[in-house]
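*Asks:* This is final-v7.cif (mmCIF, C-alpha atoms).
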```
data_coords
#
loop_
_atom_site.label_atom_id
_atom_site.label_comp_id
_atom_site.auth_asym_id
_atom_site.auth_seq_id
_atom_site.Cartn_x
_atom_site.Cartn_y
_atom_site.Cartn_z
CA MET A 13 -131.71 -74.62 -136.84
CA ILE A 14 -131.65 -75.75 -140.45
CA SER A 15 -133.77 -73.37 -142.51
CA ILE A 16 -134.73 -73.51 -146.16
CA CYS A 17 -136.25 -70.66 -148.12
CA TYR A 18 -138.49 -72.12 -150.83
CA GLU A 19 -139.10 -69.52 -153.54
CA ALA A 20 -142.16 -71.38 -154.64
CA CYS A 21 -143.48 -69.26 -157.49
CA GLN A 22 -142.45 -66.54 -159.92
CA ASN A 23 -145.63 -64.45 -160.24
CA CYS A 24 -145.88 -61.16 -158.34
CA ASN A 25 -148.27 -58.20 -158.50
CA LEU A 26 -145.66 -55.63 -157.43
CA LYS A 27 -142.69 -54.02 -159.21
CA CYS A 28 -140.01 -53.67 -156.55
CA ASP A 29 -136.71 -52.80 -158.22
CA TYR A 30 -134.83 -54.20 -155.20
CA CYS A 31 -136.50 -57.64 -155.23
CA ILE A 32 -133.74 -60.20 -154.79
CA SER A 33 -135.80 -63.13 -156.12
CA SER A 34 -136.56 -61.52 -159.47
CA ASP A 35 -133.45 -63.28 -160.79
CA ASN A 36 -135.40 -66.56 -160.81
CA GLN A 37 -136.14 -67.68 -164.34
CA GLN A 38 -138.30 -70.59 -165.47
CA ARG A 39 -136.18 -73.42 -166.83
CA GLU A 40 -137.29 -74.61 -170.24
CA ASP A 41 -135.10 -77.70 -170.43
CA LYS A 42 -137.26 -79.80 -168.14
CA GLU A 43 -140.75 -79.97 -166.66
CA ILE A 44 -140.75 -79.21 -162.95
CA ASN A 45 -143.02 -81.13 -160.58
CA TYR A 46 -143.58 -79.29 -157.29
CA LYS A 47 -143.91 -82.62 -155.49
CA ASP A 48 -140.35 -83.48 -156.50
CA VAL A 49 -139.15 -80.08 -155.26
CA ILE A 50 -140.82 -80.65 -151.88
CA LYS A 51 -139.24 -84.10 -151.63
CA LYS A 52 -135.83 -82.49 -152.18
CA ILE A 53 -136.55 -79.94 -149.45
CA LEU A 54 -137.63 -82.55 -146.92
CA SER A 55 -134.75 -84.88 -147.77
CA ILE A 56 -132.29 -82.61 -145.93
CA ASN A 57 -134.54 -82.57 -142.86
CA PRO A 58 -134.99 -78.83 -142.21
CA GLN A 59 -136.59 -77.63 -138.99
CA ARG A 60 -137.96 -74.53 -140.70
CA VAL A 61 -139.21 -73.74 -144.20
CA VAL A 62 -139.89 -70.20 -145.36
CA ILE A 63 -142.30 -70.05 -148.30
CA SER A 64 -141.75 -67.03 -150.51
CA GLY A 65 -141.98 -66.07 -154.17
CA GLY A 66 -142.66 -64.03 -156.17
CA GLU A 67 -145.87 -63.62 -154.27
CA PRO A 68 -146.96 -66.97 -152.78
CA LEU A 69 -150.60 -65.92 -152.32
CA LEU A 70 -150.82 -65.81 -156.14
CA ASP A 71 -149.72 -69.44 -156.35
CA PRO A 72 -152.79 -71.63 -157.06
CA LEU A 73 -150.90 -74.60 -155.61
CA LEU A 74 -149.89 -72.87 -152.37
CA VAL A 75 -152.23 -74.77 -150.04
CA GLU A 76 -151.39 -78.08 -151.69
CA LYS A 77 -147.66 -77.42 -151.26
CA LEU A 78 -148.17 -76.51 -147.61
CA ARG A 79 -150.33 -79.59 -147.07
CA LEU A 80 -147.66 -81.87 -148.53
CA ILE A 81 -144.91 -80.40 -146.37
CA LYS A 82 -146.98 -80.76 -143.21
CA THR A 83 -148.10 -84.27 -144.15
CA TYR A 84 -144.52 -85.50 -144.52
CA ASN A 85 -143.27 -83.59 -141.46
CA PRO A 86 -146.03 -82.40 -139.09
CA LYS A 87 -143.47 -80.85 -136.69
CA ILE A 88 -141.81 -78.60 -139.25
CA TYR A 89 -142.05 -74.83 -138.70
CA ILE A 90 -143.47 -73.04 -141.75
CA SER A 91 -143.34 -69.30 -142.25
CA LEU A 92 -145.16 -67.72 -145.20
CA SER A 93 -143.58 -64.54 -146.54
CA THR A 94 -146.02 -62.29 -148.44
CA ASN A 95 -146.37 -58.68 -149.57
CA GLY A 96 -149.86 -58.80 -148.03
CA SER A 97 -151.62 -57.01 -150.88
CA ILE A 98 -153.70 -59.94 -152.17
CA GLU A 99 -157.31 -60.62 -151.22
CA TYR A 100 -157.16 -63.94 -149.40
CA ASP A 101 -159.04 -66.11 -146.93
CA PHE A 102 -156.36 -66.41 -144.26
CA VAL A 103 -158.37 -68.92 -142.25
CA ILE A 104 -157.39 -71.51 -144.88
CA LEU A 105 -153.75 -71.18 -143.86
CA LYS A 106 -154.23 -71.71 -140.13
CA ASP A 107 -153.69 -75.48 -140.19
CA TYR A 108 -150.55 -75.25 -142.31
CA ILE A 109 -148.36 -72.33 -141.24
CA ASN A 110 -146.82 -71.23 -137.95
CA CYS A 111 -146.26 -67.62 -138.96
CA ILE A 112 -147.35 -65.23 -141.68
CA ASP A 113 -144.70 -62.63 -142.47
CA ILE A 114 -146.29 -59.56 -144.09
CA SER A 115 -143.99 -57.04 -145.72
CA LEU A 116 -144.80 -53.38 -145.09
CA PRO A 117 -142.10 -50.84 -146.04
CA ALA A 118 -144.15 -47.68 -145.45
CA LEU A 119 -147.52 -46.31 -144.42
CA ASP A 120 -147.08 -43.21 -146.55
CA ASN A 121 -148.73 -43.90 -149.93
CA GLU A 122 -146.10 -42.15 -152.03
CA ILE A 123 -143.14 -43.79 -150.30
CA TYR A 124 -144.78 -47.21 -150.57
CA LYS A 125 -145.43 -46.68 -154.29
CA LYS A 126 -141.90 -45.42 -154.84
CA MET A 127 -140.55 -48.67 -153.41
CA ARG A 128 -143.17 -51.10 -154.68
CA GLY A 129 -144.33 -49.60 -157.97
CA GLU A 130 -147.95 -49.78 -156.82
CA ASN A 131 -149.88 -48.41 -153.84
CA PHE A 132 -151.44 -51.12 -151.68
CA VAL A 133 -150.94 -49.59 -148.23
CA ASP A 134 -154.60 -49.76 -147.20
CA LYS A 135 -154.95 -53.34 -148.43
CA VAL A 136 -151.84 -54.49 -146.56
CA LYS A 137 -153.03 -52.86 -143.34
CA GLN A 138 -156.42 -54.55 -143.76
CA ASN A 139 -154.78 -57.92 -144.36
CA VAL A 140 -152.63 -57.60 -141.24
CA LEU A 141 -155.83 -57.23 -139.24
CA CYS A 142 -157.53 -60.06 -141.15
CA ALA A 143 -154.60 -62.41 -140.52
CA LYS A 144 -154.76 -61.66 -136.79
CA LYS A 145 -158.51 -62.21 -136.79
CA ALA A 146 -157.96 -65.57 -138.51
CA GLY A 147 -155.83 -66.62 -135.56
CA LEU A 148 -152.46 -66.54 -137.31
CA TYR A 149 -149.16 -65.59 -135.72
CA VAL A 150 -148.43 -62.32 -137.53
CA ARG A 151 -145.07 -60.74 -138.19
CA ILE A 152 -144.59 -57.44 -140.01
CA SER A 153 -141.37 -57.18 -141.97
CA TYR A 154 -140.02 -53.71 -142.58
CA VAL A 155 -136.90 -53.13 -144.71
CA LEU A 156 -134.94 -50.11 -143.55
CA THR A 157 -133.62 -48.01 -146.46
CA LYS A 158 -132.64 -44.44 -147.28
CA ILE A 159 -136.09 -43.87 -148.76
CA ASN A 160 -138.32 -45.09 -145.91
CA SER A 161 -136.25 -44.62 -142.73
CA GLY A 162 -138.71 -41.97 -141.54
CA GLU A 163 -141.51 -44.55 -141.60
CA LEU A 164 -140.05 -46.88 -138.97
CA PHE A 165 -141.90 -45.59 -135.91
CA LYS A 166 -145.14 -45.22 -137.86
CA ILE A 167 -144.86 -48.93 -138.72
CA LEU A 168 -144.12 -49.85 -135.11
CA ASP A 169 -147.08 -47.81 -133.84
CA PHE A 170 -149.36 -49.48 -136.38
CA ALA A 171 -148.04 -52.89 -135.31
CA LYS A 172 -148.87 -52.06 -131.70
CA CYS A 173 -152.43 -51.00 -132.58
CA ALA A 174 -152.91 -54.07 -134.80
CA GLY A 175 -151.74 -56.44 -132.06
CA VAL A 176 -149.11 -58.18 -134.18
CA ASP A 177 -146.79 -60.70 -132.58
CA GLU A 178 -143.48 -59.60 -134.07
CA VAL A 179 -141.86 -56.90 -136.16
CA ARG A 180 -138.73 -57.75 -138.07
CA ILE A 181 -136.67 -54.68 -138.84
CA GLY A 182 -134.50 -55.65 -141.76
CA ARG A 183 -131.82 -53.65 -143.47
CA PHE A 184 -131.49 -53.35 -147.22
CA LEU A 185 -129.14 -56.10 -148.35
CA SER A 186 -127.48 -55.87 -151.73
CA LEU A 187 -127.78 -59.56 -152.47
CA ARG A 188 -128.48 -61.16 -155.83
CA ASN A 189 -130.63 -58.93 -158.04
CA ALA A 190 -130.76 -56.11 -155.44
CA LEU A 191 -127.06 -55.36 -155.92
CA LYS A 192 -127.91 -52.88 -158.68
CA CYS A 193 -129.90 -50.76 -156.19
CA LYS A 194 -127.23 -50.51 -153.50
CA SER A 195 -126.58 -46.76 -153.76
CA LYS A 196 -130.30 -45.99 -153.92
CA TYR A 197 -131.38 -47.93 -150.84
CA GLU A 198 -128.53 -49.03 -148.59
CA ILE A 199 -128.31 -47.24 -145.24
CA ASP A 200 -125.14 -47.08 -143.15
CA SER A 201 -124.67 -49.10 -139.97
CA ALA A 202 -124.25 -46.05 -137.72
CA SER A 203 -127.68 -44.71 -138.74
CA ILE A 204 -129.23 -48.12 -138.10
CA GLU A 205 -127.69 -48.31 -134.63
CA LYS A 206 -129.06 -44.87 -133.68
CA LEU A 207 -132.55 -45.81 -134.85
CA MET A 208 -132.46 -49.12 -132.99
CA GLU A 209 -131.44 -47.37 -129.77
CA LYS A 210 -134.61 -45.28 -130.04
CA VAL A 211 -136.65 -48.39 -130.84
CA TYR A 212 -135.52 -50.17 -127.68
CA GLU A 213 -136.23 -47.08 -125.58
CA LYS A 214 -139.89 -47.34 -126.58
CA LYS A 215 -140.29 -50.84 -125.07
CA TYR A 216 -142.95 -52.15 -127.44
CA ASN A 217 -145.16 -55.02 -126.30
CA PHE A 218 -144.28 -57.28 -129.23
CA THR A 219 -141.09 -59.06 -130.23
CA ILE A 220 -138.64 -57.02 -132.28
CA ILE A 221 -136.19 -58.81 -134.56
CA PRO A 222 -133.28 -56.41 -135.22
CA PRO A 223 -131.35 -55.98 -138.47
CA VAL A 224 -128.41 -58.28 -139.11
CA ASP A 225 -125.07 -56.59 -138.60
CA ARG A 226 -123.26 -58.37 -141.43
CA ILE A 227 -124.46 -59.28 -144.90
CA GLU A 228 -122.51 -62.53 -144.56
CA LYS A 229 -125.03 -63.73 -141.98
CA ILE A 230 -127.70 -63.77 -144.68
CA GLU A 231 -125.38 -65.57 -147.07
CA GLU A 232 -124.74 -68.21 -144.42
CA SER A 233 -128.15 -68.50 -142.75
CA TYR A 234 -130.39 -70.10 -145.37
CA ILE A 235 -130.22 -72.83 -147.92
CA ASN A 236 -132.47 -71.62 -150.73
CA ILE A 237 -134.36 -73.55 -153.37
CA ASP A 238 -136.26 -72.02 -156.25
CA PHE A 239 -139.39 -73.18 -158.05
CA ASN A 240 -137.17 -75.03 -160.54
CA GLY A 241 -135.93 -77.24 -157.72
CA GLU A 242 -132.41 -75.79 -157.77
CA PHE A 243 -130.58 -75.37 -154.46
CA PHE A 244 -128.52 -72.18 -154.10
CA LEU A 245 -126.97 -69.75 -151.65
CA PRO A 246 -127.70 -66.00 -151.88
CA THR A 247 -124.56 -63.88 -152.32
CA VAL A 248 -123.58 -60.34 -153.25
CA ASN A 249 -122.56 -61.77 -156.62
CA GLY A 250 -125.89 -63.42 -157.33
CA LYS A 251 -127.07 -66.98 -156.83
CA LYS A 252 -124.45 -69.58 -156.05
CA TYR A 253 -125.98 -72.86 -157.20
CA ILE A 254 -125.15 -75.93 -155.16
CA SER A 255 -125.81 -79.61 -155.71
CA MET A 256 -128.10 -81.84 -153.66
CA GLU A 257 -125.00 -83.33 -152.06
CA GLU A 258 -123.64 -79.90 -151.13
CA ALA A 259 -127.01 -78.90 -149.63
CA ASN A 260 -126.96 -82.07 -147.53
CA ASP A 261 -123.39 -81.38 -146.41
CA ILE A 262 -124.34 -77.84 -145.31
CA ALA A 263 -127.36 -79.20 -143.41
CA LEU A 264 -125.26 -81.84 -141.66
CA LYS A 265 -122.66 -79.22 -140.72
CA LYS A 266 -125.37 -77.01 -139.21
CA GLN A 267 -126.75 -79.98 -137.26
CA TYR A 268 -123.28 -80.69 -135.89
CA GLN A 269 -122.75 -77.06 -134.88
CA VAL A 270 -126.03 -77.10 -132.96
CA PHE A 271 -125.18 -80.42 -131.30
CA LYS A 272 -121.80 -79.08 -130.09
CA LYS A 273 -123.61 -76.31 -128.20
CA ILE A 274 -125.69 -78.82 -126.21
CA LYS A 275 -124.14 -80.01 -122.96
CA LEU A 276 -124.27 -83.72 -122.24
CA THR A 277 -125.71 -82.91 -118.81
CA ASP A 278 -128.63 -81.24 -120.59
CA ILE A 279 -129.22 -84.31 -122.75
CA PHE A 280 -129.18 -86.81 -119.86
CA GLU A 281 -130.84 -84.60 -117.27
CA ASN A 282 -133.86 -86.30 -115.66
#
```
Please re-express this file's structure in C-alpha coordinates.
*Replies:*
Amino acid sequence: MISICYEACQNCNLKCDYCISSDNQQREDKEINYKDVIKKILSINPQRVVISGGEPLLDPLLVEKLRLIKTYNPKIYISLSTNGSIEYDFVILKDYINCIDISLPALDNEIYKKMRGENFVDKVKQNVLCAKKAGLYVRISYVLTKINSGELFKILDFAKCAGVDEVRIGRFLSLRNALKCKSKYEIDSASIEKLMEKVYEKKYNFTIIPPVDRIEKIEESYINIDFNGEFFLPTVNGKKYISMEEANDIALKKQYQVFKKIKLTDIFEN
(Lines of atoms letter the chains of each structure in order from A and count residues from 1; the text may use other names and numbers.)
(Lines give C-alpha, C1' and ligand atoms only; values in the text may rest on other atoms or scores of the structure.)
Protein backbone atom coordinates (compact mmCIF):
# COMPACT_ATOMS: atom_id res chain seq x y z
CA MET A 1 0.00 0.00 0.00
CA ILE A 2 1.32 3.43 -0.93
CA SER A 3 0.96 5.73 2.06
CA ILE A 4 1.66 9.43 2.37
CA CYS A 5 1.89 11.33 5.62
CA TYR A 6 0.74 14.91 5.01
CA GLU A 7 2.03 17.17 7.79
CA ALA A 8 -0.62 19.69 6.96
CA CYS A 9 -0.02 22.44 9.51
CA GLN A 10 2.60 23.77 11.91
CA ASN A 11 0.50 24.98 14.86
CA CYS A 12 0.27 22.83 17.98
CA ASN A 13 -0.99 23.43 21.52
CA LEU A 14 1.45 21.00 23.16
CA LYS A 15 5.19 21.15 23.90
CA CYS A 16 6.46 17.63 23.33
CA ASP A 17 10.25 17.67 23.26
CA TYR A 18 10.25 14.43 21.23
CA CYS A 19 7.96 15.69 18.45
CA ILE A 20 9.53 14.62 15.16
CA SER A 21 7.59 17.12 13.03
CA SER A 22 8.76 20.18 14.95
CA ASP A 23 11.60 20.42 12.41
CA ASN A 24 9.09 21.76 9.85
CA GLN A 25 9.70 25.43 9.16
CA GLN A 26 7.58 27.78 7.06
CA ARG A 27 9.31 28.64 3.80
CA GLU A 28 9.51 32.35 3.14
CA ASP A 29 10.74 32.16 -0.44
CA LYS A 30 7.34 31.30 -1.91
CA GLU A 31 3.64 31.39 -1.11
CA ILE A 32 2.23 27.92 -0.55
CA ASN A 33 -1.23 27.00 -1.82
CA TYR A 34 -2.68 23.96 -0.04
CA LYS A 35 -4.56 23.01 -3.21
CA ASP A 36 -1.25 22.65 -5.03
CA VAL A 37 0.10 20.48 -2.20
CA ILE A 38 -2.94 18.20 -2.39
CA LYS A 39 -2.53 17.92 -6.17
CA LYS A 40 1.07 16.78 -5.61
CA ILE A 41 -0.10 14.19 -3.08
CA LEU A 42 -2.77 12.77 -5.38
CA SER A 43 -0.48 12.77 -8.41
CA ILE A 44 1.43 9.75 -7.05
CA ASN A 45 -1.84 7.88 -6.48
CA PRO A 46 -1.58 6.85 -2.81
CA GLN A 47 -4.06 4.38 -1.34
CA ARG A 48 -3.74 5.96 2.10
CA VAL A 49 -3.13 9.48 3.38
CA VAL A 50 -2.34 10.22 7.01
CA ILE A 51 -3.13 13.81 7.99
CA SER A 52 -0.95 15.08 10.82
CA GLY A 53 0.65 18.31 11.96
CA GLY A 54 1.43 20.05 14.20
CA GLU A 55 -2.08 19.55 15.45
CA PRO A 56 -4.49 19.20 12.51
CA LEU A 57 -7.59 20.06 14.57
CA LEU A 58 -6.11 23.58 14.91
CA ASP A 59 -5.97 23.93 11.13
CA PRO A 60 -8.87 26.16 9.97
CA LEU A 61 -8.59 24.59 6.51
CA LEU A 62 -8.68 20.98 7.73
CA VAL A 63 -12.18 20.12 6.49
CA GLU A 64 -11.56 21.83 3.16
CA LYS A 65 -8.35 19.83 2.67
CA LEU A 66 -10.13 16.60 3.53
CA ARG A 67 -13.00 17.48 1.20
CA LEU A 68 -10.62 18.11 -1.70
CA ILE A 69 -8.79 14.82 -1.21
CA LYS A 70 -12.05 12.86 -1.08
CA THR A 71 -13.48 14.74 -4.06
CA TYR A 72 -10.52 13.84 -6.27
CA ASN A 73 -10.27 10.27 -4.95
CA PRO A 74 -13.39 9.03 -3.11
CA LYS A 75 -11.82 5.59 -2.49
CA ILE A 76 -8.72 6.86 -0.71
CA TYR A 77 -8.23 5.84 2.93
CA ILE A 78 -7.71 8.86 5.19
CA SER A 79 -6.45 8.65 8.75
CA LEU A 80 -6.38 11.77 10.93
CA SER A 81 -3.64 11.82 13.56
CA THR A 82 -4.38 14.14 16.50
CA ASN A 83 -3.31 14.69 20.10
CA GLY A 84 -7.02 14.72 20.95
CA SER A 85 -6.88 17.70 23.30
CA ILE A 86 -8.86 20.18 21.17
CA GLU A 87 -12.58 20.88 21.55
CA TYR A 88 -14.05 19.73 18.25
CA ASP A 89 -17.28 18.61 16.63
CA PHE A 90 -16.17 15.18 15.44
CA VAL A 91 -19.41 14.58 13.54
CA ILE A 92 -18.07 16.99 10.90
CA LEU A 93 -15.27 14.56 10.09
CA LYS A 94 -17.42 11.48 9.56
CA ASP A 95 -17.85 11.94 5.80
CA TYR A 96 -14.16 12.56 5.20
CA ILE A 97 -12.00 10.24 7.29
CA ASN A 98 -11.80 6.47 7.74
CA CYS A 99 -9.98 6.57 11.06
CA ILE A 100 -9.17 9.06 13.79
CA ASP A 101 -5.89 8.28 15.52
CA ILE A 102 -5.81 9.87 18.99
CA SER A 103 -2.49 10.00 20.80
CA LEU A 104 -2.55 9.15 24.51
CA PRO A 105 0.83 8.51 26.17
CA ALA A 106 -0.42 8.28 29.76
CA LEU A 107 -3.45 8.47 32.03
CA ASP A 108 -1.38 9.70 34.94
CA ASN A 109 -1.54 13.52 34.93
CA GLU A 110 2.09 14.07 35.92
CA ILE A 111 3.50 11.60 33.40
CA TYR A 112 1.35 13.07 30.63
CA LYS A 113 2.52 16.60 31.49
CA LYS A 114 6.13 15.47 31.68
CA MET A 115 5.88 14.18 28.11
CA ARG A 116 3.55 16.78 26.63
CA GLY A 117 4.33 19.96 28.54
CA GLU A 118 0.65 20.39 29.39
CA ASN A 119 -1.96 18.25 31.14
CA PHE A 120 -4.92 17.37 28.91
CA VAL A 121 -5.59 13.81 30.07
CA ASP A 122 -9.25 14.37 30.94
CA LYS A 123 -9.92 16.21 27.68
CA VAL A 124 -8.31 13.47 25.58
CA LYS A 125 -10.32 10.77 27.35
CA GLN A 126 -13.50 12.78 26.75
CA ASN A 127 -12.66 13.23 23.07
CA VAL A 128 -12.05 9.50 22.61
CA LEU A 129 -15.60 8.92 23.81
CA CYS A 130 -16.95 11.79 21.70
CA ALA A 131 -15.27 10.44 18.57
CA LYS A 132 -16.82 7.01 19.17
CA LYS A 133 -20.21 8.60 19.74
CA ALA A 134 -19.83 10.49 16.45
CA GLY A 135 -19.50 7.15 14.68
CA LEU A 136 -15.81 7.37 13.85
CA TYR A 137 -13.39 4.46 13.71
CA VAL A 138 -11.16 5.26 16.69
CA ARG A 139 -7.57 4.25 17.25
CA ILE A 140 -5.56 5.17 20.33
CA SER A 141 -1.86 5.60 19.72
CA TYR A 142 0.44 5.04 22.66
CA VAL A 143 4.20 5.62 22.39
CA LEU A 144 6.17 3.29 24.65
CA THR A 145 9.08 5.04 26.40
CA LYS A 146 11.17 4.80 29.55
CA ILE A 147 8.94 7.41 31.18
CA ASN A 148 5.49 5.94 30.54
CA SER A 149 6.03 2.17 30.24
CA GLY A 150 4.04 1.63 33.44
CA GLU A 151 1.00 3.23 31.80
CA LEU A 152 0.56 0.66 29.03
CA PHE A 153 -2.05 -1.57 30.67
CA LYS A 154 -3.93 1.42 32.07
CA ILE A 155 -4.24 2.70 28.49
CA LEU A 156 -5.38 -0.70 27.23
CA ASP A 157 -7.99 -1.00 29.99
CA PHE A 158 -9.29 2.47 29.18
CA ALA A 159 -9.45 1.55 25.49
CA LYS A 160 -11.51 -1.52 26.36
CA CYS A 161 -13.96 0.52 28.46
CA ALA A 162 -14.19 3.22 25.78
CA GLY A 163 -14.94 0.68 23.05
CA VAL A 164 -12.17 1.83 20.71
CA ASP A 165 -11.47 -0.12 17.54
CA GLU A 166 -7.68 -0.28 17.68
CA VAL A 167 -4.71 0.51 19.88
CA ARG A 168 -1.39 1.12 18.22
CA ILE A 169 1.50 0.48 20.59
CA GLY A 170 4.39 2.41 19.15
CA ARG A 171 7.95 2.56 20.34
CA PHE A 172 9.93 5.76 20.70
CA LEU A 173 11.77 6.29 17.44
CA SER A 174 14.72 8.65 17.32
CA LEU A 175 13.87 10.04 13.92
CA ARG A 176 14.31 13.61 12.74
CA ASN A 177 13.94 16.10 15.61
CA ALA A 178 13.41 13.34 18.22
CA LEU A 179 17.01 12.17 17.87
CA LYS A 180 18.08 14.58 20.60
CA CYS A 181 15.81 12.79 23.11
CA LYS A 182 17.03 9.25 22.44
CA SER A 183 18.64 8.61 25.83
CA LYS A 184 15.66 10.10 27.68
CA TYR A 185 12.92 8.08 26.00
CA GLU A 186 14.16 5.10 24.01
CA ILE A 187 13.35 1.70 25.52
CA ASP A 188 15.25 -1.48 24.63
CA SER A 189 13.79 -4.21 22.43
CA ALA A 190 13.95 -6.91 25.12
CA SER A 191 11.73 -4.85 27.45
CA ILE A 192 9.27 -4.24 24.62
CA GLU A 193 9.07 -7.95 23.83
CA LYS A 194 8.33 -8.82 27.47
CA LEU A 195 5.56 -6.22 27.66
CA MET A 196 4.02 -7.39 24.39
CA GLU A 197 3.95 -10.99 25.62
CA LYS A 198 1.84 -9.83 28.56
CA VAL A 199 -0.37 -7.78 26.23
CA TYR A 200 -1.18 -10.78 24.05
CA GLU A 201 -1.93 -12.90 27.12
CA LYS A 202 -4.75 -10.49 27.99
CA LYS A 203 -6.61 -11.13 24.70
CA TYR A 204 -8.22 -7.71 24.34
CA ASN A 205 -11.35 -7.38 22.20
CA PHE A 206 -9.88 -4.71 19.92
CA THR A 207 -7.13 -4.79 17.32
CA ILE A 208 -3.61 -4.25 18.64
CA ILE A 209 -0.95 -2.88 16.31
CA PRO A 210 2.45 -3.84 17.77
CA PRO A 211 5.63 -1.75 17.76
CA VAL A 212 7.89 -1.97 14.73
CA ASP A 213 11.00 -4.04 15.33
CA ARG A 214 13.34 -1.92 13.22
CA ILE A 215 13.56 1.84 12.87
CA GLU A 216 14.30 1.30 9.17
CA LYS A 217 10.71 0.17 8.66
CA ILE A 218 9.54 3.68 9.53
CA GLU A 219 12.14 5.21 7.24
CA GLU A 220 10.90 3.00 4.40
CA SER A 221 7.15 2.90 5.06
CA TYR A 222 5.94 6.42 4.30
CA ILE A 223 6.50 9.11 1.76
CA ASN A 224 6.05 12.34 3.71
CA ILE A 225 5.06 15.79 2.54
CA ASP A 226 5.04 18.90 4.70
CA PHE A 227 2.81 21.96 4.59
CA ASN A 228 5.35 23.62 2.28
CA GLY A 229 4.66 20.95 -0.33
CA GLU A 230 8.10 19.35 0.03
CA PHE A 231 8.37 15.56 -0.26
CA PHE A 232 10.79 13.89 2.16
CA LEU A 233 11.68 10.66 3.91
CA PRO A 234 12.09 10.54 7.72
CA THR A 235 15.53 9.33 8.84
CA VAL A 236 17.66 9.19 11.97
CA ASN A 237 19.63 12.06 10.46
CA GLY A 238 16.63 14.31 9.89
CA LYS A 239 14.51 14.92 6.82
CA LYS A 240 15.81 13.60 3.53
CA TYR A 241 14.17 15.78 0.90
CA ILE A 242 13.24 14.13 -2.36
CA SER A 243 11.99 15.49 -5.66
CA MET A 244 8.58 14.93 -7.20
CA GLU A 245 10.21 12.49 -9.61
CA GLU A 246 11.84 10.54 -6.78
CA ALA A 247 8.52 10.36 -4.90
CA ASN A 248 6.88 8.98 -8.03
CA ASP A 249 9.66 6.42 -8.47
CA ILE A 250 9.24 5.23 -4.87
CA ALA A 251 5.47 4.95 -5.36
CA LEU A 252 5.88 2.97 -8.57
CA LYS A 253 8.38 0.65 -6.88
CA LYS A 254 5.93 0.01 -4.05
CA GLN A 255 3.16 -0.72 -6.56
CA TYR A 256 5.41 -3.22 -8.32
CA GLN A 257 6.33 -4.94 -5.05
CA VAL A 258 2.65 -5.36 -4.22
CA PHE A 259 1.86 -6.64 -7.71
CA LYS A 260 4.60 -9.30 -7.48
CA LYS A 261 2.91 -10.74 -4.39
CA ILE A 262 -0.38 -11.29 -6.26
CA LYS A 263 -0.73 -14.65 -7.99
CA LEU A 264 -2.07 -14.63 -11.53
CA THR A 265 -4.59 -17.28 -10.48
CA ASP A 266 -5.95 -14.79 -7.95
CA ILE A 267 -6.29 -12.10 -10.61
CA PHE A 268 -8.12 -14.31 -13.14
CA GLU A 269 -10.12 -16.35 -10.65
CA ASN A 270 -13.86 -16.31 -11.46
*Asks:* Between A:Ser97, A:Asn217, A:Gln59, A:Asn240, which is the closest to Asn85 of chain A once you count all atoms listed in the file?
*Replies:*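 Using all atoms listed in the file, the shortest distance to Asn85 of chain A belongs to A:Gln59.
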*Asks:* Can you list what the PyMOL selection byres ((chain A and resi 181) around 6) grabs from this structure, as a list in words?
*Replies:*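 After applying the PyMOL selection byres ((chain A and resi 181) around 6), what remains is Tyr154, Arg180, Gly182, Ile221, Pro222 and Pro223 of chain A.
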*Asks:* Given the file shown, enumerate the residues that the PyMOL selection byres ((chain A and resi 216) around 12) captures and present them as a list in words.
*Replies:* Phe165, Ile167, Leu168, Asp169, Phe170, Ala171, Lys172, Cys173, Gly175, Val176, Asp177, Glu178, Val179, Lys210, Val211, Tyr212, Glu213, Lys214, Lys215, Asn217, Phe218, Thr219, Ile220 and Ile221 of chain A
*Asks:* Taking 6 positions as the minimum chain separation for residues in the same chain, which residues sit within 9 Å of Tyr253 of chain A when counting all atoms listed in the file? Answer as a count of residues only.
*Replies:* 5
*Asks:* Considering all atoms listed in the file, state which residue in the set A:Glu209, A:Asp120, A:Glu258, A:Glu198 is at the smallest distance from Leu185 of chain A.
*Replies:* A:Glu198
*Asks:* Could you tell me how far atom CA of Lys158 of chain A lies from atom CA of Lys126 of chain A, in Å and to one decimal?
*Replies:* 12.0 Å
